[in-house]
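Quick notes on the structure that follows.
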Amino acid sequence: MKNINTLVKNLILIFILAASLMGEEVAAQQIKKVGTSASTFLRIPVGARASGMGSSFVSMMDDPAAIYWNPSIMSSIKSNALIVDHSLWLPGIYFDFAGLVIPIEDLGTFGVSFTILHTNEMEVTTVEEQMGTGETFTASSIALGISYSRYLTDRFSIGGTFKYIQETIFNSSATGIAFDIGTIYETPFEGIRMGASISNFGTKMQMTGEDLNIRVDPAPDQEGNNQSIVGKINTDEFDLPLIMRIGISGEVFNTEDFRFTLSADGVNPNDNSQSINIGGEIGLLREKILLRTGYNDLFLDESEKDFTFGISINEINIFGEVLFSVDYAYQNFNHFNDANRFTIKLKF
């Protein structure tokens with residue numbers, strides 16, 4: 001009961017802290033930050049389990065989606081783990097993520113990841129040919145990551161990720177690099193964890209490419225100019241979506257046949273206001289069936305996302321020592337079509 005009381009008190013403290021921070025922001029800032037960063041695909045939550053818990057996952061343990069949420073949590077994974085995540089994110093836009101976690105004794109835990117957001121083919125239209133030129137184009141955003149984590153003490157671990165980022169639309173693109181860093185602390189109170197992470201600290205992104213070339217007449221009032229002079233449209237540089245997360249999670253009940261976990265994250269992005277994500281998960285039948293629900297962007301004005309729920313068939317033994325899991329999550333959107341998330345995980 002003492003552990004439960006401690007967890008509840010800490011959850012309440014996160015709510016109070018976030019509410020006070022948001023109050024200060026509203027008073028001190030009249031210009032909203034929405035839409036002021038590039039590569040916003042880096043904000044899309046990874047893993048149906050995390051999505052089903054309302055994206056309150058910065059302190060949840062033993063899941064390869066930690067590569068995205070908090071790389072320090074990779075240290076809690078004791079065997080090789082593979083995660084593949086897929087969803088139709090918005091109409092005509094697909095999101096995919098793949099990550100591999102490899103623990104090496106006495107060296108730490110390593111990870112590699114690949115993220116891609118891509119569109120269907122679209123027709124090229126111009127002012128002169130509004131029904132289409134006959135050409136098609138696509139847009140995509142990718143991130144390649146290399147991660148590392150290790151325990152510094154028996155309760156505290158730290159981890160980081162280096163990412164290469166590229167966004168492409170037709171014949172133009174932007175590239176950049178970014179770093180993630182995170183920590184996790186397993187408190188002396190049994191089952192209660194505290195985590196923190198900073199994601200996407202890196203370079204600015206700027207679009208360049210052939211599509212920005214235009215024909216220029218430097219002297220339109222004069223005859224006989226060279227008609228093949230080419231100019232270039234200069235584009236602005238934009239920051240990456242820097243995100244700071246702090247969170248707490250813990251088991252309210254934890255027996256051999258039943259587990260109930262609560263989790264809450266405070267989120268502070270550089271391109272929006274602060275908010276809170278909350279979630280809960282129930283483990284049944286010795287962790288073979290997992291049920292969860294959550295709520296995104298609590299206290300955020302004009303939030304597009306709100307409630308989520310999900311289910312998992314967890315760690316079924318196949319092919320000898322290979323453990324297979326499949327996760328599903330439903331994400332409600334207020335104005336867009338709702339998203340269905342599917343994740344497959346293997347431990348081997």
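Labeling convention for the structure tokens: chains A, B, ... as they appear, residues from 1 per chain, ligands from 1 in order of appearance.
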Close residues, Ser59 in chain A itself excluded, 12 Å, only C-alpha atoms, min 4 positions apart in chain, as a ChimeraX atom specification | /A:50,55,63,65-66,69-74,76,156-157,182-187,191-197,245-251,261-266,278-279
Alpha helix (DSSP H) call set, DSSP backbone run, range 40-69 of chain A, as a CSV table (one decimal) with C-alpha atoms, in the first residue's frame:
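Done, and the output landed in part.csv:
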chain,number,residue,atom,x,y,z
A,48,ALA,CA,1.4,0.0,-30.7
A,49,ARG,CA,2.0,-0.7,-27.0
A,50,ALA,CA,3.2,2.8,-26.3
A,51,SER,CA,0.4,4.3,-28.5
A,52,GLY,CA,-2.2,2.3,-26.7
A,66,ALA,CA,12.7,2.2,-26.0
A,67,ILE,CA,15.0,3.1,-29.0
A,68,TYR,CA,12.5,5.9,-29.7
A,69,TRP,CA,11.1,6.8,-26.3
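One distance worth recording is that between CA of Val34 in chain A and CA of Asp301 in chain A, which is 11.1 Å.
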Phe324 in chain A surroundings by only C-alpha atoms, 12 Å radius, close-in-sequence under 5 positions cut, as number ranges by chain | A: 81-84, 288, 312-319, 343-348
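With CA of Arg292 in chain A on one side and CA of Asp327 in chain A on the other, the separation reads 10.5 Å.
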Could you please determine the separation between CA of Ile146 in chain A and CA of Phe110 in chain A in Å, to one decimal place?
-> 7.6 Å
What are the DSSP strand (DSSP E or B) residues of range 91-235 of chain A, as a PyMOL selection string?
-> chain A and resi 93-104+108-119+122-123+136-137+139-151+156-169+172-186+192-202+205+208-209+213-215+230-232
Considering only C-alpha atoms, return as a short mmCIF file (atom, residue, chain, number, x, y, z; two decimals) with N, CA and C atoms, in the first residue's frame whatever protein or nucleic-acid residues lie within 10 Å of Ala339 in chain A, sequence-local ones (same chain, fewer than 3 positions apart) excluded.
data_model
loop_
_atom_site.label_atom_id
_atom_site.label_comp_id
_atom_site.auth_asym_id
_atom_site.auth_seq_id
_atom_site.Cartn_x
_atom_site.Cartn_y
_atom_site.Cartn_z
N SER A 87 1.71 1.48 -39.68
CA SER A 87 0.36 2.07 -39.58
C SER A 87 0.09 2.95 -40.79
N LEU A 88 -1.19 3.00 -41.18
CA LEU A 88 -1.66 4.04 -42.09
C LEU A 88 -1.92 5.25 -41.22
N TRP A 89 -0.97 6.19 -41.22
CA TRP A 89 -1.01 7.27 -40.24
C TRP A 89 -2.13 8.25 -40.54
N LEU A 90 -2.11 8.81 -41.75
CA LEU A 90 -3.16 9.69 -42.24
C LEU A 90 -3.48 9.24 -43.67
N PRO A 91 -4.60 9.65 -44.26
CA PRO A 91 -4.94 9.18 -45.60
C PRO A 91 -3.80 9.38 -46.59
N THR A 308 -6.88 6.59 -26.44
CA THR A 308 -6.34 5.43 -27.15
C THR A 308 -6.69 4.17 -26.37
N ALA A 329 -3.08 -1.09 -31.48
CA ALA A 329 -3.53 0.12 -30.80
C ALA A 329 -4.45 0.92 -31.71
N TYR A 330 -5.42 1.55 -31.10
CA TYR A 330 -6.35 2.43 -31.80
C TYR A 330 -6.10 3.85 -31.30
N GLN A 331 -5.88 4.77 -32.23
CA GLN A 331 -5.64 6.17 -31.89
C GLN A 331 -6.76 7.03 -32.45
N ASN A 332 -7.47 7.72 -31.58
CA ASN A 332 -8.55 8.61 -32.02
C ASN A 332 -8.00 9.97 -32.43
N PHE A 333 -8.46 10.46 -33.57
CA PHE A 333 -8.15 11.82 -34.02
C PHE A 333 -9.44 12.62 -34.08
N PHE A 336 -9.05 14.04 -38.32
CA PHE A 336 -8.61 13.11 -39.35
C PHE A 336 -9.19 11.73 -39.08
N PHE A 342 -0.17 -1.44 -35.69
CA PHE A 342 0.17 -2.83 -35.51
C PHE A 342 1.68 -2.95 -35.32
#
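The residue that comes closest to Phe260 in chain A, out of A:Gln206, A:Thr235, A:Thr293, A:Ser147 and on the basis of only C-alpha atoms, is A:Thr293.
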12 Å contact set for Gly145 in chain A, only C-alpha atoms, chain neighbours under 2 positions out, as an MDAnalysis selection string | chainID A and resid 42 67:68 71 97:101 110:116 142:143 147:148 160:166 177:180 200
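Residues within 6 Å of Thr109 in chain A, counting only C-alpha atoms and excluding same-chain residues fewer than 3 positions away, are A:Ser75, A:Ile102, A:Pro103, A:Ile104, A:Tyr148, A:Ser149.
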Just the residues within 10 Å of range 241-243 of chain A, please, counting only C-alpha atoms, with nothing from its chain fewer than 4 positions along; format it as a VMD selection string.
-> chain A and resid 35 to 43 178 to 180 197 to 202 204 267 to 272 274
